[in-house]
$ cat work_16.cif   # mmCIF, C-alpha atoms
data_my_file
loop_
_atom_site.label_atom_id
_atom_site.label_comp_id
_atom_site.auth_asym_id
_atom_site.auth_seq_id
_atom_site.Cartn_x
_atom_site.Cartn_y
_atom_site.Cartn_z
CA MET A 1 -3.04 -23.81 -16.72
CA ILE A 2 -6.34 -24.82 -15.12
CA GLU A 3 -5.85 -25.33 -11.41
CA ASN A 4 -9.05 -26.98 -10.19
CA ASP A 5 -12.25 -28.67 -11.35
CA TYR A 6 -14.28 -25.48 -11.00
CA GLU A 7 -11.99 -23.65 -13.42
CA LEU A 8 -12.05 -26.65 -15.76
CA ILE A 9 -15.85 -26.78 -15.76
CA HIS A 10 -16.13 -23.03 -16.21
CA SER A 11 -13.75 -23.22 -19.17
CA ALA A 12 -15.77 -26.10 -20.67
CA GLN A 13 -19.00 -24.14 -20.20
CA GLU A 14 -17.44 -21.33 -22.20
CA GLY A 15 -16.89 -23.79 -25.06
CA ASN A 16 -13.21 -24.62 -24.56
CA GLU A 17 -12.86 -27.86 -26.58
CA ASP A 18 -9.67 -28.87 -24.74
CA ALA A 19 -11.45 -28.61 -21.39
CA ILE A 20 -14.45 -30.59 -22.65
CA ASN A 21 -12.21 -33.30 -24.10
CA TYR A 22 -10.21 -33.44 -20.88
CA ILE A 23 -13.40 -33.96 -18.86
CA TYR A 24 -14.58 -36.68 -21.28
CA LYS A 25 -11.20 -38.40 -20.94
CA LYS A 26 -11.19 -38.01 -17.16
CA TYR A 27 -14.68 -39.52 -16.78
CA LYS A 28 -14.27 -42.26 -19.39
CA PRO A 29 -13.32 -44.96 -16.82
CA ILE A 30 -16.41 -44.07 -14.76
CA ILE A 31 -18.62 -44.20 -17.86
CA ILE A 32 -17.18 -47.58 -18.85
CA LYS A 33 -17.76 -48.99 -15.36
CA LYS A 34 -21.32 -47.64 -15.12
CA SER A 35 -22.10 -48.86 -18.65
CA ASN A 36 -20.81 -52.35 -17.89
CA ASN A 37 -22.92 -52.49 -14.72
CA ALA A 38 -25.99 -51.23 -16.59
CA ILE A 39 -25.64 -53.67 -19.49
CA ILE A 40 -25.70 -56.56 -17.01
CA LYS A 41 -29.00 -55.27 -15.59
CA ALA A 42 -30.46 -54.74 -19.08
CA THR A 43 -29.34 -57.91 -20.84
CA ASN A 44 -32.82 -58.79 -22.11
CA LEU A 45 -33.50 -55.36 -23.66
CA GLY A 46 -31.39 -55.89 -26.77
CA ILE A 47 -29.07 -52.95 -26.26
CA GLU A 48 -25.35 -52.70 -26.73
CA ILE A 49 -22.73 -51.27 -24.42
CA ASN A 50 -22.12 -48.42 -26.88
CA ASP A 51 -25.77 -47.36 -26.57
CA ILE A 52 -25.41 -46.97 -22.82
CA MET A 53 -22.04 -45.26 -23.13
CA GLN A 54 -23.57 -42.75 -25.56
CA GLU A 55 -26.29 -41.99 -23.01
CA CYS A 56 -23.59 -41.50 -20.36
CA TYR A 57 -21.68 -39.04 -22.54
CA ILE A 58 -24.90 -37.12 -23.20
CA ALA A 59 -25.47 -36.95 -19.43
CA LEU A 60 -21.88 -35.81 -18.85
CA LYS A 61 -22.27 -33.02 -21.42
CA GLU A 62 -25.53 -31.94 -19.77
CA ALA A 63 -23.78 -32.03 -16.38
CA ILE A 64 -21.02 -29.79 -17.73
CA ASP A 65 -23.54 -27.35 -19.17
CA SER A 66 -25.76 -27.14 -16.09
CA PHE A 67 -23.28 -27.37 -13.20
CA LYS A 68 -23.27 -24.39 -10.83
CA GLU A 69 -20.46 -23.99 -8.34
CA GLN A 70 -22.78 -22.44 -5.76
CA ASP A 71 -24.90 -25.63 -5.51
CA GLU A 72 -22.54 -26.80 -2.73
CA THR A 73 -21.61 -30.09 -4.39
CA THR A 74 -18.59 -31.22 -6.30
CA PHE A 75 -18.76 -31.66 -10.05
CA TYR A 76 -17.75 -35.30 -9.57
CA THR A 77 -20.82 -35.97 -7.41
CA PHE A 78 -23.09 -33.98 -9.72
CA ALA A 79 -21.80 -35.72 -12.88
CA ASN A 80 -22.18 -39.17 -11.33
CA LEU A 81 -25.76 -38.37 -10.33
CA CYS A 82 -26.57 -37.10 -13.84
CA ILE A 83 -25.05 -40.20 -15.45
CA ASP A 84 -26.92 -42.55 -13.09
CA ARG A 85 -30.21 -40.78 -13.78
CA GLN A 86 -29.63 -40.87 -17.54
CA ILE A 87 -28.96 -44.62 -17.44
CA LEU A 88 -32.07 -45.26 -15.35
CA SER A 89 -34.18 -43.10 -17.65
CA TYR A 90 -32.79 -44.86 -20.72
CA ILE A 91 -33.54 -48.31 -19.33
CA LYS A 92 -37.05 -47.21 -18.30
CA ARG A 93 -37.70 -45.92 -21.84
CA LEU A 94 -36.53 -49.22 -23.29
CA LYS A 95 -38.67 -51.26 -20.92
CA ALA A 96 -41.66 -49.11 -21.82
CA GLY A 97 -41.01 -49.80 -25.51
CA LYS A 98 -40.19 -46.19 -26.36
CA GLY A 99 -36.89 -47.23 -27.95
CA ARG A 100 -38.50 -49.88 -30.13
CA ILE A 101 -38.67 -47.55 -33.12
CA LEU A 102 -34.94 -46.87 -32.91
CA ASN A 103 -34.05 -50.51 -32.38
CA GLU A 104 -36.06 -51.53 -35.43
CA ALA A 105 -34.90 -48.62 -37.58
CA ILE A 106 -33.23 -49.17 -40.90
CA PHE A 107 -29.68 -47.90 -40.98
CA ILE A 108 -29.21 -44.97 -43.36
CA ASP A 109 -25.69 -44.59 -44.62
CA GLU A 110 -23.81 -42.87 -47.37
CA ASN A 111 -24.62 -45.70 -49.82
CA LEU A 112 -28.29 -44.66 -49.83
CA GLU A 113 -27.54 -42.14 -52.55
CA ASN A 114 -26.04 -44.87 -54.77
CA ILE A 115 -29.12 -47.06 -54.34
CA LEU A 116 -31.50 -44.23 -55.16
CA THR A 117 -29.58 -43.04 -58.23
CA THR A 118 -29.47 -46.34 -60.10
CA SER A 119 -31.41 -46.41 -63.38
CA ILE A 120 -35.11 -47.10 -62.81
CA ASP A 121 -38.25 -46.78 -64.89
CA THR A 122 -39.76 -43.30 -64.73
CA GLU A 123 -42.95 -44.60 -63.09
CA ASP A 124 -41.00 -46.63 -60.53
CA GLU A 125 -38.76 -43.63 -59.92
CA MET A 126 -41.78 -41.43 -59.16
CA ILE A 127 -43.16 -44.02 -56.74
CA ILE A 128 -39.81 -44.36 -54.97
CA ASN A 129 -39.42 -40.56 -54.76
CA GLU A 130 -42.89 -40.25 -53.27
CA GLN A 131 -42.15 -43.01 -50.74
CA GLU A 132 -38.82 -41.41 -49.88
CA GLU A 133 -40.52 -38.03 -49.32
CA ASN A 134 -43.12 -39.69 -47.08
CA ILE A 135 -40.42 -41.41 -45.03
CA ILE A 136 -38.43 -38.20 -44.68
CA GLU A 137 -41.59 -36.31 -43.68
CA ARG A 138 -42.44 -38.90 -41.01
CA ILE A 139 -38.88 -38.78 -39.68
CA MET A 140 -38.95 -34.97 -39.52
CA GLN A 141 -42.12 -35.04 -37.39
CA GLU A 142 -40.23 -36.95 -34.69
CA LEU A 143 -37.18 -34.67 -34.56
CA SER A 144 -36.32 -31.56 -32.59
CA GLN A 145 -35.51 -28.38 -34.52
CA SER A 146 -31.79 -28.94 -34.02
CA GLU A 147 -32.03 -32.53 -35.25
CA ILE A 148 -34.01 -31.37 -38.31
CA GLU A 149 -31.19 -28.99 -39.25
CA VAL A 150 -28.62 -31.78 -38.90
CA PHE A 151 -30.81 -34.24 -40.84
CA LYS A 152 -31.40 -31.85 -43.74
CA LEU A 153 -27.69 -31.15 -44.09
CA LYS A 154 -26.82 -34.86 -43.87
CA LEU A 155 -29.37 -35.58 -46.62
CA LYS A 156 -27.59 -32.99 -48.75
CA GLY A 157 -24.38 -34.98 -48.31
CA TYR A 158 -22.53 -32.86 -45.76
CA SER A 159 -20.06 -34.65 -43.45
CA TYR A 160 -20.21 -34.35 -39.64
CA GLU A 161 -17.35 -31.85 -39.75
CA GLU A 162 -19.06 -29.73 -42.40
CA ILE A 163 -22.36 -29.77 -40.50
CA SER A 164 -20.52 -28.87 -37.30
CA LYS A 165 -18.92 -25.85 -38.96
CA LYS A 166 -22.09 -24.83 -40.81
CA LEU A 167 -24.22 -24.92 -37.62
CA ASN A 168 -21.37 -23.67 -35.41
CA LYS A 169 -21.78 -26.64 -33.06
CA ASP A 170 -19.40 -29.11 -31.48
CA HIS A 171 -18.60 -32.16 -33.65
CA LYS A 172 -19.70 -34.45 -30.79
CA ALA A 173 -23.07 -32.66 -30.57
CA ILE A 174 -23.62 -33.24 -34.30
CA TYR A 175 -22.66 -36.89 -33.92
CA ASN A 176 -25.04 -37.27 -30.95
CA SER A 177 -27.86 -35.62 -32.91
CA PHE A 178 -27.34 -37.99 -35.83
CA GLN A 179 -27.30 -41.00 -33.49
CA ARG A 180 -30.67 -39.91 -32.07
CA ILE A 181 -31.97 -39.39 -35.62
CA LYS A 182 -30.98 -42.94 -36.54
#
$ encode --input "work_16.cif" --output "structure tokens"
Amino acid sequence: MIENDYELIHSAQEGNEDAINYIYKKYKPIIIKKSNNAIIKATNLGIEINDIMQECYIALKEAIDSFKEQDETTFYTFANLCIDRQILSYIKRLKAGKGRILNEAIFIDENLENILTTSIDTEDEMIINEQEENIIERIMQELSQSEIEVFKLKLKGYSYEEISKKLNKDHKAIYNSFQRIK
């Protein structure tokens, strides 16, 4: 049984999924409150509450990974600071137009394969394949190495769970990577 926050964080840093999930559950009310406050301040930016919450969970995961007990602060204080900074950074990026590409992106889902495999003239098929390759190439230029790995596997039809196992990464990390890719 984990007795204090320091043990819980240490266990999460070692990859204990139960500890990570417990921290996510414990901080969910804080994330909801901070997200609701942030969405009010960013009403004209065209974002949704889930976008801000996702940023908060990314910040919480980074707080878990980088927290050091010897920094003479509680994890609660450190996590709150990380979440606040992530929200501010996210809103600044949106105001600067850096999120415009994501906001205007076309949603890629599992039905893409069905659309691409319908019967088409050979010439049209070659044009579509070339366009698809160009789009994929442009997307890949914008991604980190980790996101490229996730993207390639998703294009091959792997599920989040399969990608998670194949790359030996947390399911939430794969989901977060795919959200950034979109």
$ atom_distance --input "work_16.cif" --atom1 "CA of Asp51 in chain A" --atom2 "CA of Ser35 in chain A"
8.9 Å
$ closest_residue --input "work_16.cif" --among "A:Lys68, A:Glu55, A:Tyr160, A:Glu132" --to "Lys172 in chain A" --atoms "all atoms listed in the file"
A:Tyr160
$ atom_distance --input "work_16.cif" --atom1 "CA of Asp84 in chain A" --atom2 "CA of Ser177 in chain A"
21.0 Å
$ atom_distance --input "work_16.cif" --atom1 "CA of Ile39 in chain A" --atom2 "CA of Met53 in chain A"
9.8 Å
$ axis_aligned_box --input "work_16.cif" --around "range 81-99 of chain A" --padding-each-side "4 Å" --output "JSON"
{"center_x": -33.4, "center_y": -44.2, "center_z": -19.1, "size_x": 24.6, "size_y": 22.2, "size_z": 25.6}
$ resolve_selection --input "work_16.cif" --expression "the PyMOL selection byres ((chain A and resi 54) around 12)" --output "MDAnalysis selection string"
chainID A and resid 24 28 31:32 34:35 47:53 55:61 83 86:87 90 172:173 175:180
$ resolve_selection --input "work_16.cif" --expression "the PyMOL selection byres ((chain A and resi 148-155) around 12)" --output "JSON, numbers by chain"
{"A": [108, 109, 110, 111, 112, 113, 132, 133, 136, 137, 138, 139, 140, 141, 142, 143, 144, 145, 146, 147, 156, 157, 158, 159, 160, 161, 162, 163, 164, 165, 166, 167, 168, 169, 171, 173, 174, 175, 176, 177, 178, 179, 180, 181, 182]}
$ write_last_selection --input "work_16.cif" --atoms "C-alpha atoms" --output "mmCIF file, keeping the file's coordinate frame"
data_model
loop_
_atom_site.group_PDB
_atom_site.id
_atom_site.type_symbol
_atom_site.label_atom_id
_atom_site.label_comp_id
_atom_site.auth_asym_id
_atom_site.auth_seq_id
_atom_site.Cartn_x
_atom_site.Cartn_y
_atom_site.Cartn_z
ATOM 1 C CA ILE A 108 -29.210 -44.970 -43.360
ATOM 2 C CA ASP A 109 -25.690 -44.590 -44.620
ATOM 3 C CA GLU A 110 -23.810 -42.870 -47.370
ATOM 4 C CA ASN A 111 -24.620 -45.700 -49.820
ATOM 5 C CA LEU A 112 -28.290 -44.660 -49.830
ATOM 6 C CA GLU A 113 -27.540 -42.140 -52.550
ATOM 7 C CA GLU A 132 -38.820 -41.410 -49.880
ATOM 8 C CA GLU A 133 -40.520 -38.030 -49.320
ATOM 9 C CA ILE A 136 -38.430 -38.200 -44.680
ATOM 10 C CA GLU A 137 -41.590 -36.310 -43.680
ATOM 11 C CA ARG A 138 -42.440 -38.900 -41.010
ATOM 12 C CA ILE A 139 -38.880 -38.780 -39.680
ATOM 13 C CA MET A 140 -38.950 -34.970 -39.520
ATOM 14 C CA GLN A 141 -42.120 -35.040 -37.390
ATOM 15 C CA GLU A 142 -40.230 -36.950 -34.690
ATOM 16 C CA LEU A 143 -37.180 -34.670 -34.560
ATOM 17 C CA SER A 144 -36.320 -31.560 -32.590
ATOM 18 C CA GLN A 145 -35.510 -28.380 -34.520
ATOM 19 C CA SER A 146 -31.790 -28.940 -34.020
ATOM 20 C CA GLU A 147 -32.030 -32.530 -35.250
ATOM 21 C CA LYS A 156 -27.590 -32.990 -48.750
ATOM 22 C CA GLY A 157 -24.380 -34.980 -48.310
ATOM 23 C CA TYR A 158 -22.530 -32.860 -45.760
ATOM 24 C CA SER A 159 -20.060 -34.650 -43.450
ATOM 25 C CA TYR A 160 -20.210 -34.350 -39.640
ATOM 26 C CA GLU A 161 -17.350 -31.850 -39.750
ATOM 27 C CA GLU A 162 -19.060 -29.730 -42.400
ATOM 28 C CA ILE A 163 -22.360 -29.770 -40.500
ATOM 29 C CA SER A 164 -20.520 -28.870 -37.300
ATOM 30 C CA LYS A 165 -18.920 -25.850 -38.960
ATOM 31 C CA LYS A 166 -22.090 -24.830 -40.810
ATOM 32 C CA LEU A 167 -24.220 -24.920 -37.620
ATOM 33 C CA ASN A 168 -21.370 -23.670 -35.410
ATOM 34 C CA LYS A 169 -21.780 -26.640 -33.060
ATOM 35 C CA HIS A 171 -18.600 -32.160 -33.650
ATOM 36 C CA ALA A 173 -23.070 -32.660 -30.570
ATOM 37 C CA ILE A 174 -23.620 -33.240 -34.300
ATOM 38 C CA TYR A 175 -22.660 -36.890 -33.920
ATOM 39 C CA ASN A 176 -25.040 -37.270 -30.950
ATOM 40 C CA SER A 177 -27.860 -35.620 -32.910
ATOM 41 C CA PHE A 178 -27.340 -37.990 -35.830
ATOM 42 C CA GLN A 179 -27.300 -41.000 -33.490
ATOM 43 C CA ARG A 180 -30.670 -39.910 -32.070
ATOM 44 C CA ILE A 181 -31.970 -39.390 -35.620
ATOM 45 C CA LYS A 182 -30.980 -42.940 -36.540
#
$ closest_residue --input "work_16.cif" --among "A:Ile64, A:Ile30, A:Ala42, A:Ala96" --to "Asn80 in chain A" --atoms "all atoms listed in the file"
A:Ile30
$ residues_around --input "work_16.cif" --residues "range 14-21 of chain A" --least-positions-apart "5" --cutoff "9 Å" --atoms "only C-alpha atoms" --output "VMD selection string"
chain A and resid 2 8 to 9 26 61 64 170
$ closest_residue --input "work_16.cif" --among "A:Lys33, A:Ala63, A:Lys41, A:Glu7" --to "Arg85 in chain A" --atoms "only C-alpha atoms"
A:Ala63
$ decode --input "work_16.cif" --residues "range 151-177 of chain A" --atoms "C-alpha atoms" --output "PDB file, in the first residue's frame"
ATOM      1  CA  PHE A 151       1.329   7.574 -37.452  1.00  0.00           C
ATOM      2  CA  LYS A 152       2.933   4.855 -39.588  1.00  0.00           C
ATOM      3  CA  LEU A 153       1.397   2.104 -37.475  1.00  0.00           C
ATOM      4  CA  LYS A 154      -2.024   3.801 -37.501  1.00  0.00           C
ATOM      5  CA  LEU A 155      -1.831   4.044 -41.309  1.00  0.00           C
ATOM      6  CA  LYS A 156      -1.188   0.295 -41.372  1.00  0.00           C
ATOM      7  CA  GLY A 157      -4.449  -0.195 -39.478  1.00  0.00           C
ATOM      8  CA  TYR A 158      -3.177  -0.926 -35.974  1.00  0.00           C
ATOM      9  CA  SER A 159      -5.446   0.008 -33.045  1.00  0.00           C
ATOM     10  CA  TYR A 160      -4.280   2.192 -30.139  1.00  0.00           C
ATOM     11  CA  GLU A 161      -3.844  -0.920 -28.004  1.00  0.00           C
ATOM     12  CA  GLU A 162      -1.786  -2.688 -30.673  1.00  0.00           C
ATOM     13  CA  ILE A 163       0.400   0.386 -31.208  1.00  0.00           C
ATOM     14  CA  SER A 164       0.838   0.718 -27.450  1.00  0.00           C
ATOM     15  CA  LYS A 165       2.037  -2.880 -27.176  1.00  0.00           C
ATOM     16  CA  LYS A 166       4.179  -2.706 -30.318  1.00  0.00           C
ATOM     17  CA  LEU A 167       5.982   0.474 -29.169  1.00  0.00           C
ATOM     18  CA  ASN A 168       5.930  -0.555 -25.490  1.00  0.00           C
ATOM     19  CA  LYS A 169       4.281   2.728 -24.501  1.00  0.00           C
ATOM     20  CA  ASP A 170       1.341   3.667 -22.326  1.00  0.00           C
ATOM     21  CA  HIS A 171      -2.049   3.607 -24.108  1.00  0.00           C
ATOM     22  CA  LYS A 172      -2.654   7.218 -23.017  1.00  0.00           C
ATOM     23  CA  ALA A 173       0.674   8.306 -24.531  1.00  0.00           C
ATOM     24  CA  ILE A 174      -0.328   6.730 -27.859  1.00  0.00           C
ATOM     25  CA  TYR A 175      -3.718   8.429 -27.696  1.00  0.00           C
ATOM     26  CA  ASN A 176      -2.062  11.792 -26.914  1.00  0.00           C
ATOM     27  CA  SER A 177       0.372  11.342 -29.817  1.00  0.00           C
TER      28      SER A 177
END
